[in-house]
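*Asks:* My questions all concern the structure below.
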Amino acid sequence: MLSIRKTSQGICFTVYVQPRSSKNMIVGLHRDSLKVKVTAPPVDGAANRACIRLLAKCLSVPASSLDIITGHHSRTKTILLKANAVPPGAKELADLKQRINRLIK
C-alpha cells in the first residue's frame, strides 16, 4: 500500500524510479512506493527531472510544486508535493490522495 503523509511542507510519498525504460509511465506499486518508468538515463539528474515531469502531468499540478527531498542518487525517492499546491481543506487533501492512488493500476 502506498504511504501518503501530510507534513508541514506539503504531502510526501515515495516513488521507485526505473530509468531507461521504453516509455514514460506509472506502472503500479513497488513495495510501498509508486513505480515510475522513465526513458531518461540516470545521468546528470535526467531521470529525476523526467520523473517530476511525469508526476506533475499525471497529478495535474505544475512541475515546480513537486520536489525530490530524499533519494537524488537512488531509485527510491521521497517526493514532496509542496503545500502551496495543496489546498488547505481536508476534502482537498482527500481528493489529492485519491488522484495519487488512481495512478496505481
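Just remember, in the C-alpha cells the first chain shown is A, the second B, etc., residues are 1-based per chain, and ligands are 1-based in the order shown.
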According to DSSP computed on the backbone, where in chain A is there strand (DSSP E)? Give the residues as number ranges by chain.

*Replies:* A: 4-6, 10-18, 25-30, 33-37, 66-70, 76-82

*Asks:* Mind dumping a table of every region 30-74 of chain A residue within 7 Å of region 15-20 of chain A, with the nearest atom pair and its distance in Å to one decimal, using only C-alpha atoms, sorted by chain and rising number, as a Markdown table?

*Replies:*
```
| residue | atom | partner | partner_atom | distance |
| --- | --- | --- | --- | --- |
| A:His30 | CA | A:Tyr16 | CA | 6.6 |
| A:Ser33 | CA | A:Val15 | CA | 4.7 |
| A:Leu34 | CA | A:Val15 | CA | 4.5 |
| A:Lys35 | CA | A:Tyr16 | CA | 4.7 |
| A:Val36 | CA | A:Val17 | CA | 4.9 |
| A:Lys37 | CA | A:Gln18 | CA | 4.7 |
| A:Val38 | CA | A:Pro19 | CA | 5.1 |
| A:Thr39 | CA | A:Arg20 | CA | 4.4 |
| A:Ala40 | CA | A:Arg20 | CA | 5.4 |
| A:Pro41 | CA | A:Arg20 | CA | 5.1 |
| A:Pro42 | CA | A:Pro19 | CA | 6.1 |
| A:Ala47 | CA | A:Pro19 | CA | 6.0 |
```

*Asks:* Keeping only C-alpha atoms, take the residues you just selected and write them out as a compact mmCIF listing (two decimals), in the first residue's frame.

*Replies:*
```
# COMPACT_ATOMS: atom_id res chain seq x y z
CA HIS A 30 6.90 -1.48 -5.93
CA SER A 33 6.29 3.07 -3.45
CA LEU A 34 4.71 4.25 -6.67
CA LYS A 35 6.67 2.65 -9.53
CA VAL A 36 7.61 5.11 -12.26
CA LYS A 37 9.35 4.17 -15.50
CA VAL A 38 11.16 6.91 -17.44
CA THR A 39 13.07 6.83 -20.71
CA ALA A 40 15.81 9.14 -19.43
CA PRO A 41 19.11 7.68 -18.25
CA PRO A 42 20.24 8.15 -14.65
CA ALA A 47 15.82 10.60 -14.74
```

*Asks:* Using only C-alpha atoms, which protein or nucleic acid residues come within 10 Å of region 60-73 of chain A? Drop anything in the same chain fewer than 6 positions from it, and give the result as number ranges by chain.

*Replies:* A: 10-16, 42-45, 47-49, 51-54, 79-86, 99

*Asks:* Just the selected residues (C-alpha atoms), exported as an mmCIF file, in the first residue's frame, please.

*Replies:*
```cif
data_model
loop_
_atom_site.group_PDB
_atom_site.id
_atom_site.type_symbol
_atom_site.label_atom_id
_atom_site.label_comp_id
_atom_site.auth_asym_id
_atom_site.auth_seq_id
_atom_site.Cartn_x
_atom_site.Cartn_y
_atom_site.Cartn_z
ATOM 1 C CA GLY A 10 3.001 19.552 1.991
ATOM 2 C CA ILE A 11 2.296 15.925 1.076
ATOM 3 C CA CYS A 12 5.048 13.297 0.856
ATOM 4 C CA PHE A 13 5.034 9.939 -0.895
ATOM 5 C CA THR A 14 7.705 7.586 -2.201
ATOM 6 C CA VAL A 15 8.420 6.566 -5.758
ATOM 7 C CA TYR A 16 10.616 3.858 -7.214
ATOM 8 C CA PRO A 42 20.237 8.153 -14.648
ATOM 9 C CA VAL A 43 22.871 10.685 -15.684
ATOM 10 C CA ASP A 44 23.142 14.304 -14.511
ATOM 11 C CA GLY A 45 19.675 14.186 -12.926
ATOM 12 C CA ALA A 47 15.816 10.603 -14.737
ATOM 13 C CA ASN A 48 14.882 12.756 -11.719
ATOM 14 C CA ARG A 49 13.638 15.574 -13.968
ATOM 15 C CA CYS A 51 10.099 11.617 -13.018
ATOM 16 C CA ILE A 52 8.994 15.051 -11.767
ATOM 17 C CA ARG A 53 7.572 15.993 -15.190
ATOM 18 C CA LEU A 54 5.607 12.732 -15.437
ATOM 19 C CA ILE A 79 8.553 13.262 -3.366
ATOM 20 C CA LEU A 80 7.141 16.384 -1.760
ATOM 21 C CA LEU A 81 4.048 17.998 -3.205
ATOM 22 C CA LYS A 82 4.517 21.480 -1.794
ATOM 23 C CA ALA A 83 1.836 22.963 0.464
ATOM 24 C CA ASN A 84 1.269 25.929 -1.844
ATOM 25 C CA ALA A 85 -0.030 23.474 -4.463
ATOM 26 C CA VAL A 86 -2.239 21.659 -1.950
ATOM 27 C CA ARG A 99 -5.586 11.218 -7.514
#
```

*Asks:* Distance CA of Ala56 (chain A)-CA of Lys97 (chain A), one decimal place?

*Replies:* 14.1 Å

*Asks:* Can you measure CA of Leu2 (chain A) to CA of Lys23 (chain A) for me? One decimal in Å is fine.

*Replies:* 22.6 Å

*Asks:* Going by DSSP on the backbone, which bits of chain A are helix (DSSP H, G or I)? Write them as a VMD selection string, please.

*Replies:* chain A and resid 46 to 59 63 to 65 83 to 85 90 to 102

*Asks:* CA of Ala46 (chain A) and CA of Gln98 (chain A) are how many Å apart?

*Replies:*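 Between these atoms lies a distance of 28.1 Å.
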